[in-house]
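Shown below: run15.txt, with compact mmCIF, C-alpha atoms.
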```txt
# COMPACT_ATOMS: atom_id res chain seq x y z
CA MET E 26 47.88 -8.24 -28.73
CA ARG E 27 51.51 -8.39 -27.57
CA THR E 28 53.71 -10.34 -25.23
CA LEU E 29 54.88 -8.70 -22.04
CA ASP E 30 58.57 -7.94 -22.40
CA PRO E 31 60.41 -9.18 -19.28
CA GLN E 32 63.14 -6.61 -19.90
CA SER E 33 60.60 -3.83 -19.40
CA LEU E 34 59.70 -5.04 -15.92
CA PRO E 35 62.51 -3.38 -13.94
CA GLN E 36 61.18 0.06 -14.88
CA HIS E 37 57.97 -0.70 -12.96
CA VAL E 38 59.66 -1.73 -9.73
CA ASP E 39 59.35 1.63 -7.97
CA ARG E 40 55.66 2.09 -8.78
CA LEU E 41 54.82 -1.44 -7.84
CA TYR E 42 56.83 -1.16 -4.63
CA ARG E 43 54.85 1.91 -3.56
CA ALA E 44 51.61 0.12 -4.39
CA ALA E 45 52.72 -2.94 -2.43
CA TRP E 46 53.82 -0.80 0.51
CA ALA E 47 50.45 0.90 0.66
CA LEU E 48 48.72 -2.48 0.50
CA CYS E 49 50.86 -4.11 3.18
CA GLY E 50 51.72 -1.10 5.35
CA SER E 51 55.28 -2.39 5.75
CA ARG E 52 58.35 -1.95 3.61
CA GLU E 53 59.58 -5.47 4.26
CA ASP E 54 56.30 -7.09 3.30
CA ALA E 55 56.16 -4.83 0.24
CA GLU E 56 59.54 -6.14 -0.93
CA ASP E 57 58.33 -9.69 -0.59
CA LEU E 58 55.10 -8.92 -2.40
CA VAL E 59 56.84 -7.21 -5.32
CA GLN E 60 59.35 -10.00 -5.71
CA GLU E 61 56.64 -12.64 -5.59
CA THR E 62 54.60 -10.67 -8.13
CA PHE E 63 57.47 -10.53 -10.59
CA ALA E 64 58.24 -14.20 -10.00
CA ARG E 65 54.65 -15.00 -10.98
CA VAL E 66 54.76 -12.77 -14.03
CA LEU E 67 57.99 -14.35 -15.23
CA SER E 68 56.85 -17.90 -14.60
CA ARG E 69 55.35 -18.08 -18.11
CA PRO E 70 54.90 -15.88 -21.19
CA ARG E 71 52.23 -13.23 -20.69
CA VAL E 72 50.04 -11.97 -23.51
CA LEU E 73 48.60 -8.48 -23.11
CA HIS E 74 45.52 -7.55 -25.09
CA GLY E 75 46.45 -3.96 -25.77
CA ASP E 76 46.80 -3.29 -22.08
CA ASP E 77 49.25 -1.11 -20.27
CA ASP E 78 51.96 -3.02 -18.37
CA ALA E 79 50.97 -1.31 -15.13
CA TYR E 80 47.39 -2.51 -15.47
CA TYR E 81 48.56 -6.07 -15.91
CA LEU E 82 51.02 -5.87 -13.05
CA MET E 83 48.30 -4.51 -10.78
CA ARG E 84 46.20 -7.55 -11.56
CA VAL E 85 49.02 -9.89 -10.64
CA LEU E 86 49.90 -7.81 -7.59
CA ARG E 87 46.30 -8.02 -6.40
CA ASN E 88 46.16 -11.78 -6.86
CA THR E 89 49.50 -12.27 -5.14
CA PHE E 90 48.47 -10.00 -2.29
CA LEU E 91 45.20 -11.85 -1.73
CA THR E 92 47.02 -15.19 -1.85
CA SER E 93 49.56 -13.99 0.69
CA LEU E 94 46.76 -12.77 2.97
CA ARG E 95 45.11 -16.16 2.88
CA THR E 96 48.44 -17.85 3.52
CA ALA E 97 49.27 -15.52 6.39
CA SER E 98 45.90 -16.12 8.01
CA ARG E 99 46.68 -19.82 8.21
CA ARG E 100 50.06 -19.53 9.88
CA PRO E 101 51.12 -18.19 13.23
CA VAL E 102 52.91 -14.87 13.40
CA THR E 103 56.65 -15.34 13.10
CA VAL E 104 59.37 -13.41 14.82
CA ALA E 105 62.14 -11.51 13.06
CA THR E 106 64.05 -13.63 10.61
CA LEU E 107 67.71 -14.02 9.97
CA GLU E 108 67.43 -11.71 7.00
CA ASP E 109 66.67 -8.87 9.36
CA VAL E 110 70.16 -9.38 10.67
CA VAL E 111 72.30 -10.36 7.74
CA ALA E 112 70.54 -9.50 4.51
CA ALA E 113 68.51 -6.37 5.08
CA ASP E 114 68.85 -3.66 2.48
CA PRO E 115 71.76 -1.52 3.64
CA ARG E 116 70.71 1.53 1.59
CA PRO E 117 70.37 4.44 3.97
CA THR E 118 67.25 6.49 3.65
CA ALA E 119 68.27 9.73 2.07
CA ARG E 120 65.60 11.69 3.90
CA PRO E 121 64.48 9.96 7.09
CA GLU E 122 61.72 12.48 7.75
CA GLN E 123 60.27 11.79 4.32
CA ALA E 124 60.34 8.04 4.91
CA LEU E 125 58.46 8.60 8.13
CA GLU E 126 55.78 10.64 6.39
CA VAL E 127 55.35 8.02 3.70
CA GLN E 128 55.26 5.33 6.35
CA GLU E 129 52.48 7.17 8.17
CA LEU E 130 50.52 7.74 5.01
CA TYR E 131 50.82 4.18 3.75
CA ALA E 132 50.17 2.73 7.18
CA THR E 133 46.90 4.64 7.17
CA VAL E 134 46.07 3.28 3.73
CA ALA E 135 46.90 -0.23 4.89
CA GLU E 136 44.29 0.07 7.66
CA LEU E 137 41.50 0.45 5.13
CA PRO E 138 39.20 -2.46 4.40
CA GLU E 139 40.71 -4.65 1.70
CA ASP E 140 38.39 -3.60 -1.14
CA PHE E 141 38.82 0.11 -0.41
CA ARG E 142 42.57 -0.29 -0.10
CA LEU E 143 42.88 -2.03 -3.45
CA ALA E 144 40.81 0.64 -5.17
CA LEU E 145 42.84 3.47 -3.68
CA VAL E 146 46.16 1.82 -4.45
CA ALA E 147 45.21 1.06 -8.05
CA VAL E 148 44.10 4.61 -8.84
CA ASP E 149 45.91 6.95 -6.47
CA VAL E 150 49.17 5.12 -5.88
CA LEU E 151 49.69 3.17 -9.09
CA GLY E 152 47.99 5.78 -11.25
CA LEU E 153 45.64 3.58 -13.24
CA SER E 154 42.55 5.05 -14.87
CA TYR E 155 39.20 4.17 -13.31
CA ARG E 156 38.51 1.85 -16.21
CA GLU E 157 41.86 0.06 -15.92
CA ALA E 158 41.58 -0.20 -12.16
CA ALA E 159 38.07 -1.63 -12.36
CA ARG E 160 39.24 -4.28 -14.81
CA ALA E 161 42.35 -5.08 -12.79
CA LEU E 162 40.30 -5.50 -9.62
CA LYS E 163 37.51 -7.32 -11.43
CA VAL E 164 34.76 -4.97 -10.33
CA ARG E 165 32.39 -2.61 -12.16
CA GLU E 166 33.59 0.90 -12.72
CA ALA E 167 30.75 2.28 -10.62
CA THR E 168 31.73 0.00 -7.76
CA LEU E 169 35.32 1.12 -8.01
CA THR E 170 34.27 4.77 -7.96
CA THR E 171 32.23 4.25 -4.82
CA ARG E 172 35.02 2.35 -3.07
CA LEU E 173 37.54 4.97 -4.06
CA PHE E 174 35.39 7.79 -2.72
CA ARG E 175 34.86 6.01 0.58
CA ALA E 176 38.53 5.08 0.83
CA ARG E 177 39.62 8.67 0.35
CA LYS E 178 37.07 9.82 2.85
CA GLN E 179 38.29 7.38 5.48
CA ILE E 180 41.93 8.27 4.85
CA ALA E 181 41.26 11.97 5.13
CA ARG E 182 39.35 11.45 8.34
CA LYS E 183 42.10 9.34 9.90
CA LEU E 184 44.83 11.74 8.89
CA ALA E 185 42.85 14.65 10.29
CA VAL E 186 42.32 12.84 13.59
CA GLU E 187 46.00 11.97 13.84
CA GLU E 188 47.04 15.51 13.07
CA GLN E 189 44.55 16.88 15.57
CA SER E 190 45.72 14.56 18.32
CA LYS E 191 49.34 15.59 17.68
CA SER E 192 48.73 19.31 17.65
CA SER E 193 46.19 19.44 20.47
CA ALA E 194 48.15 17.46 23.01
CA PRO E 195 49.12 20.45 25.22
CA ALA E 196 46.10 22.61 24.50
CA GLN E 197 43.01 22.05 22.43
CA GLU E 198 44.02 24.63 19.92
CA GLY E 199 44.06 22.38 16.91
CA ASN E 200 42.60 23.02 13.58
CA GLU E 201 39.09 22.03 12.91
CA ALA E 202 39.11 18.62 11.29
CA GLY E 203 36.38 19.59 8.95
CA GLY E 204 36.65 19.73 5.24
CA VAL E 205 35.10 18.41 2.16
CA LEU E 206 36.17 14.89 2.94
CA SER E 207 36.47 14.58 6.66
CA GLY E 208 33.61 16.61 7.95
CA GLY E 209 30.97 16.06 5.36
CA GLU E 210 28.71 13.92 7.49
CA SER E 211 28.26 16.31 10.40
CA PRO E 212 24.72 17.64 10.66
CA MET G 26 56.56 13.46 -1.62
CA THR G 27 58.41 16.74 -1.61
CA GLU G 28 57.36 18.18 1.71
CA LYS G 29 54.74 17.47 4.29
CA PRO G 30 51.70 19.70 4.14
CA ALA G 31 51.07 21.85 7.20
CA ASN G 32 47.62 20.33 7.60
CA PRO G 33 46.16 17.03 6.53
CA PRO G 34 44.44 17.04 3.14
CA ARG G 35 41.07 18.76 3.39
CA THR G 36 39.71 18.00 -0.04
CA GLU G 37 39.64 14.96 -2.24
CA GLN G 38 42.00 16.70 -4.64
CA GLU G 39 44.49 17.46 -1.90
CA LEU G 40 44.52 13.84 -0.77
CA VAL G 41 45.00 12.58 -4.32
CA GLU G 42 47.86 15.03 -4.80
CA LEU G 43 49.43 13.91 -1.54
CA LEU G 44 49.23 10.23 -2.51
CA ARG G 45 50.57 10.90 -6.00
CA SER G 46 53.40 13.06 -4.74
CA VAL G 47 55.07 10.10 -3.03
CA ASP G 48 58.22 9.33 -5.00
CA GLU G 49 59.80 6.79 -2.68
CA ARG G 50 62.15 4.55 -4.60
CA ALA G 51 62.29 0.80 -4.06
CA PRO G 52 65.40 -0.44 -2.23
CA ASP G 53 68.43 -1.06 -4.43
CA ALA G 54 68.49 -4.69 -3.33
CA LEU G 55 64.98 -5.18 -4.70
CA HIS G 56 65.92 -3.52 -8.00
CA THR G 57 68.91 -5.81 -8.24
CA ARG G 58 66.83 -8.91 -7.55
CA ILE G 59 64.19 -8.02 -10.13
CA GLN G 60 66.82 -7.24 -12.76
CA ALA G 61 68.46 -10.58 -12.03
CA MET G 62 65.12 -12.35 -12.37
CA ALA G 63 64.43 -10.68 -15.72
CA ALA G 64 67.95 -11.42 -16.96
CA GLU G 65 67.69 -15.03 -15.87
CA HIS G 66 64.33 -15.35 -17.59
CA GLU G 67 65.78 -13.92 -20.81
CA ARG G 68 68.83 -16.18 -20.65
CA ASP G 69 66.76 -19.29 -20.07
CA HIS G 70 64.35 -18.52 -22.88
CA THR G 71 67.20 -17.75 -25.26
CA THR G 72 68.64 -21.16 -24.46
CA LEU G 73 65.27 -22.79 -24.99
CA ARG G 74 64.72 -21.00 -28.30
CA GLY G 75 68.17 -22.11 -29.45
CA ALA G 76 67.38 -25.69 -28.59
CA LEU G 77 64.06 -25.57 -30.43
CA SER G 78 65.74 -24.09 -33.48
CA GLY G 79 68.32 -26.84 -33.42
CA MET G 80 65.54 -29.36 -33.21
CA ARG G 81 63.97 -28.09 -36.41
CA LEU G 82 67.30 -28.41 -38.22
CA ARG G 83 67.83 -31.97 -37.12
CA LEU G 84 64.50 -33.61 -37.65
CA GLY G 85 66.18 -36.83 -38.65
CA ALA G 86 68.15 -37.08 -35.44
CA LEU G 87 65.41 -37.42 -32.91
CA ALA G 88 67.58 -38.82 -30.19
CA ALA G 89 70.09 -35.99 -30.42
CA THR G 90 67.33 -33.41 -30.57
CA GLY G 91 65.68 -34.87 -27.54
CA ALA G 92 68.90 -34.63 -25.63
CA ALA G 93 69.36 -30.99 -26.65
CA LEU G 94 65.81 -30.11 -25.70
CA GLY G 95 66.15 -31.94 -22.43
CA ALA G 96 69.30 -30.02 -21.64
CA ALA G 97 67.66 -26.74 -22.60
CA LEU G 98 64.63 -27.50 -20.49
CA ALA G 99 66.84 -28.39 -17.58
CA LEU G 100 68.49 -25.01 -17.87
CA ALA G 101 65.20 -23.22 -18.38
CA LEU G 102 63.65 -24.78 -15.35
CA GLY G 103 66.77 -24.92 -13.30
CA GLY G 104 67.61 -21.32 -12.59
CA GLY G 105 71.14 -21.68 -13.96
CA GLY G 106 73.59 -19.06 -12.97
CA GLY G 107 76.96 -19.54 -11.42
CA ALA G 108 77.01 -16.58 -9.03
CA ALA G 109 78.31 -17.30 -5.58
CA LEU G 110 75.54 -17.88 -3.10
CA SER G 111 76.80 -17.29 0.42
CA LEU G 112 75.85 -19.31 3.47
CA GLY G 113 74.31 -16.20 5.03
CA GLU G 114 72.09 -15.62 2.00
CA ALA G 115 71.12 -19.28 1.84
CA ALA G 116 70.19 -19.29 5.52
CA ALA G 117 68.37 -15.96 5.34
CA VAL G 118 66.14 -16.98 2.47
CA THR G 119 65.36 -20.28 4.22
CA LEU G 120 64.13 -18.37 7.27
CA ARG G 121 62.10 -15.70 5.51
CA PRO G 122 58.28 -15.68 5.77
CA ALA G 123 56.18 -17.77 3.42
CA THR G 124 54.40 -16.05 0.58
CA LEU G 125 52.59 -19.01 -0.95
CA PRO G 126 50.45 -21.84 0.41
CA ALA G 127 52.00 -25.06 1.58
CA PRO G 128 52.27 -27.85 -0.99
CA SER G 129 50.16 -30.89 -0.32
CA GLU G 130 51.32 -34.43 0.33
CA SER G 131 52.29 -36.34 -2.78
CA HIS G 132 49.75 -38.93 -3.88
CA ALA G 133 52.48 -41.03 -5.43
CA ASP G 134 54.89 -41.08 -2.50
CA ARG G 135 53.79 -40.59 1.09
CA ALA G 136 57.29 -39.53 2.10
CA GLN G 137 57.18 -36.53 -0.20
CA LEU G 138 55.25 -33.37 -0.81
CA SER G 139 53.84 -32.57 -4.23
CA ALA G 140 56.42 -29.79 -4.71
CA ALA G 141 59.77 -30.49 -6.31
CA VAL G 142 62.68 -28.65 -7.89
CA ASP G 143 64.26 -30.24 -10.95
CA GLY G 144 62.66 -33.53 -9.91
CA ILE G 145 63.92 -33.29 -6.34
CA ALA G 146 60.90 -33.44 -4.05
CA PHE G 147 60.46 -31.75 -0.71
CA PRO G 148 59.96 -34.28 2.09
CA TYR G 149 56.70 -34.95 3.87
CA TRP G 150 57.59 -34.99 7.57
CA GLU G 151 54.23 -34.83 9.29
CA ASP G 152 53.57 -38.53 9.87
CA HIS G 153 57.13 -39.42 10.83
CA PHE G 154 58.30 -36.34 12.73
CA GLY G 155 55.18 -34.30 13.37
CA TRP G 156 56.44 -31.37 11.29
CA ARG G 157 53.70 -30.21 8.93
CA SER G 158 54.26 -27.98 5.91
CA THR G 159 52.77 -24.53 6.47
CA GLY G 160 53.81 -22.43 3.49
CA SER G 161 56.28 -21.88 0.72
CA ARG G 162 58.02 -19.19 -1.24
CA THR G 163 60.20 -18.70 -4.30
CA SER G 164 63.15 -16.33 -4.05
CA GLN G 165 65.95 -15.06 -6.23
CA VAL G 166 69.31 -14.95 -4.51
CA ALA G 167 72.66 -14.31 -6.17
CA GLY G 168 71.18 -15.15 -9.54
CA ARG G 169 69.75 -18.46 -8.38
CA THR G 170 66.16 -19.48 -7.91
CA VAL G 171 65.54 -20.86 -4.45
CA HIS G 172 62.36 -22.72 -3.57
CA THR G 173 61.54 -23.06 0.11
CA VAL G 174 58.92 -25.01 2.02
CA PHE G 175 58.29 -24.12 5.65
CA TYR G 176 57.41 -26.63 8.34
CA GLU G 177 56.22 -26.30 11.92
CA ASP G 178 55.98 -28.76 14.75
CA ARG G 179 53.32 -28.86 17.45
CA ALA G 180 55.39 -26.59 19.67
CA GLY G 181 55.28 -23.89 17.01
CA ARG G 182 58.93 -24.21 16.08
CA ARG G 183 59.65 -23.39 12.46
CA VAL G 184 62.07 -24.86 9.95
CA GLY G 185 62.69 -23.90 6.34
CA TYR G 186 63.79 -26.39 3.68
CA SER G 187 65.25 -24.82 0.55
CA ILE G 188 66.33 -26.38 -2.72
CA VAL G 189 68.44 -24.23 -5.01
CA ALA G 190 67.54 -24.74 -8.66
CA GLY G 191 70.23 -25.52 -11.17
CA THR G 192 73.54 -27.24 -11.00
CA PRO G 193 76.32 -27.25 -9.99
CA ALA G 194 75.48 -26.59 -6.37
CA PRO G 195 77.21 -23.58 -4.83
CA LYS G 196 79.81 -24.68 -2.29
CA MET G 197 78.97 -23.92 1.31
CA PRO G 198 81.37 -23.55 4.24
CA ALA G 199 80.79 -25.56 7.41
CA ASP G 200 81.55 -25.36 11.10
CA GLU G 201 81.25 -29.15 11.24
CA VAL G 202 80.73 -31.92 8.73
CA HIS G 203 78.60 -34.95 9.62
CA TRP G 204 78.22 -37.97 7.40
CA ARG G 205 74.87 -39.72 7.02
CA GLY G 206 74.37 -42.53 4.54
CA GLY G 207 77.52 -41.60 2.67
CA THR G 208 76.51 -37.96 2.27
CA PRO G 209 78.36 -35.10 3.96
CA TYR G 210 76.12 -32.64 5.79
CA ASN G 211 77.57 -29.23 6.63
CA VAL G 212 76.37 -27.89 9.96
CA SER G 213 76.86 -24.20 10.75
CA THR G 214 75.47 -21.46 12.91
CA VAL G 215 74.70 -18.11 11.32
CA ALA G 216 73.46 -15.19 13.41
CA GLY G 217 72.00 -17.52 15.99
CA ALA G 218 70.27 -19.83 13.52
CA HIS G 219 71.43 -23.37 12.91
CA VAL G 220 71.88 -24.29 9.27
CA VAL G 221 72.46 -27.62 7.56
CA THR G 222 73.50 -27.72 3.90
CA TRP G 223 74.10 -30.70 1.65
CA GLU G 224 73.59 -31.84 -1.91
CA ARG G 225 70.83 -33.91 -3.47
CA ASN G 226 71.54 -34.94 -7.05
CA GLY G 227 73.89 -32.02 -7.47
CA HIS G 228 71.46 -29.48 -6.03
CA LEU G 229 72.17 -27.49 -2.90
CA CYS G 230 69.66 -28.10 -0.13
CA ILE G 231 69.38 -26.06 3.05
CA VAL G 232 67.52 -26.73 6.26
CA ALA G 233 67.56 -23.94 8.81
CA GLY G 234 65.68 -23.00 11.94
CA ARG G 235 65.85 -20.92 15.04
CA GLY G 236 65.51 -22.66 18.39
CA VAL G 237 65.84 -26.06 16.76
CA ALA G 238 68.87 -28.12 17.76
CA PRO G 239 71.37 -28.85 14.99
CA GLU G 240 70.99 -32.58 15.72
CA LYS G 241 67.28 -32.30 14.98
CA LEU G 242 67.95 -30.38 11.77
CA LEU G 243 70.45 -33.03 10.78
CA THR G 244 67.91 -35.78 11.44
CA LEU G 245 65.31 -34.00 9.33
CA ALA G 246 67.76 -33.21 6.54
CA SER G 247 69.13 -36.73 6.29
CA TRP G 248 65.81 -38.53 6.54
CA ASP G 249 65.32 -40.78 3.58
CA GLU G 250 62.21 -42.88 3.77
CA ALA G 251 63.14 -44.69 0.58
```

Entire entry expressed as structure tokens:
Amino acid sequence: MRTLDPQSLPQHVDRLYRAAWALCGSREDAEDLVQETFARVLSRPRVLHGDDDAYYLMRVLRNTFLTSLRTASRRPVTVATLEDVVAADPRPTARPEQALEVQELYATVAELPEDFRLALVAVDVLGLSYREAARALKVREATLTTRLFRARKQIARKLAVEEQSKSSAPAQEGNEAGGVLSGGESP
Amino acid sequence: MTEKPANPPRTEQELVELLRSVDERAPDALHTRIQAMAAEHERDHTTLRGALSGMRLRLGALAATGAALGAALALALGGGGGAALSLGEAAAVTLRPATLPAPSESHADRAQLSAAVDGIAFPYWEDHFGWRSTGSRTSQVAGRTVHTVFYEDRAGRRVGYSIVAGTPAPKMPADEVHWRGGTPYNVSTVAGAHVVTWERNGHLCIVAGRGVAPEKLLTLASWDEA
């Protein structure tokens, strides 16, 4: 048993940001979610029972995300805020094409049903073990495995469809979308 | 993610590798904010630990110990920090989206919500003005903790009310200064949004909104049911 060291938190920002981005599908919302997650973590001393920091942060991230979803569902959609104008992060993207690819990938993840999305983010984005992810998401390991499989299958299918629609626009010459994941259900 | 594959992932392994190859770094501004939050947390807890240690050494002086602990708690809960908070930052954070549910009406005082910062409560405007609280958020800006409650009227207009934790209050510039009940209220316009700033018990308060007249913001800000 140990207490979470607040000074160790900054080293998890990048991982948690990617996880939040995949959950929200938007960089701006991901920033909010990460900041709110850390604010929650720091609000009182946290005792970890032999757990990895990332596992614990995923738990808090999940709870914060679900809370924000419930909050968002109760309020009307707002327009761009002042921060978009005066306080946006000025850091230029070093590789715009890469940012676009990540945006596409995470936007696809963010379209998954909530349970599938959380499973995929915990394991494939944050890098938790199945056991840690199951505990963080408060589900059985078998349930997590099933959700993860279905999430990956849906992602692969969507990416294949998107790729096919891009490449076959002028002529239907595209690759077959089949594969272990995306074409497995065809008779 | 080093480079985009020619084709979408065709196997489970390829998809996992694609997802795990993403190495996008969080924005520098977010790193800075999290580091500031961690540093502030450490500073506050160091202060609190010092006060508790002092208390043990002065068991016979309960009054003095209580004062020290009270001061330490005020710092721990306050957000401390003396970094300069700009008007633009104060307005921006007051207009950002909510991330937490709205606080409920106070049972003890029908002019207040149940949320407060350092004992300074957010107002309950629904009965008097028709502005109901719709959400809240906590932000870190320039080393200060800022608590915001968001309100909306029946027309869907939105106003944020922020209270900056800790004293002294950062000084804010003003396009105009209006006095209400002996208190100066700074009225400004920042990037098209009207902003009112003033002090309550030494704490900076901000009310800001888009499409809401500055006179209305001033009325809301200066409302004192008591």

Q. What is the atom CA of G:Ala123-atom CA of E:Arg52 distance in Å, reported with one decimal?
A.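 About the pair atom CA of G:Ala123 and atom CA of E:Arg52: they are 16.0 Å apart.
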
Proximity of chain G to chain E: per-residue shortest pair, 6 Å limit, all atoms listed in the file, as JSON lines:
```
{"residue": "G:Pro33", "atom": "CA", "partner": "E:Ala185", "partner_atom": "CA", "distance": 5.5}
{"residue": "G:Arg35", "atom": "CA", "partner": "E:Gly204", "partner_atom": "CA", "distance": 4.9}
{"residue": "G:Thr36", "atom": "CA", "partner": "E:Val205", "partner_atom": "CA", "distance": 5.1}
{"residue": "G:Arg45", "atom": "CA", "partner": "E:Val150", "partner_atom": "CA", "distance": 5.9}
{"residue": "G:Arg50", "atom": "CA", "partner": "E:Asp39", "partner_atom": "CA", "distance": 5.3}
{"residue": "G:Ala51", "atom": "CA", "partner": "E:Asp39", "partner_atom": "CA", "distance": 5.0}
{"residue": "G:Ala54", "atom": "CA", "partner": "E:Asp114", "partner_atom": "CA", "distance": 5.9}
{"residue": "G:Gln60", "atom": "CA", "partner": "E:Pro35", "partner_atom": "CA", "distance": 5.9}
{"residue": "G:Ala63", "atom": "CA", "partner": "E:Pro31", "partner_atom": "CA", "distance": 5.6}
{"residue": "G:Ala117", "atom": "CA", "partner": "E:Glu108", "partner_atom": "CA", "distance": 4.7}
{"residue": "G:Leu120", "atom": "CA", "partner": "E:Thr106", "partner_atom": "CA", "distance": 5.8}
{"residue": "G:Arg121", "atom": "CA", "partner": "E:Thr106", "partner_atom": "CA", "distance": 5.8}
{"residue": "G:Thr124", "atom": "CA", "partner": "E:Ser93", "partner_atom": "CA", "distance": 5.3}
{"residue": "G:Pro126", "atom": "CA", "partner": "E:Thr96", "partner_atom": "CA", "distance": 5.4}
```

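Picture a line from atom CA of G:Ile145 to atom CA of G:Thr214; it runs 25.4 Å.
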
Q. Within 6 Å of G:His172, counting all atoms listed in the file, which residues qualify if same-chain residues fewer than 2 places away don't, as a list in words?
A.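 Near neighbours after the sequence-gap exclusion: Thr163, Ser187 and Ile188 of chain G.
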
Q | d(atom CA of G:Arg162, atom CA of E:Val164) in Å | A | 28.7 Å
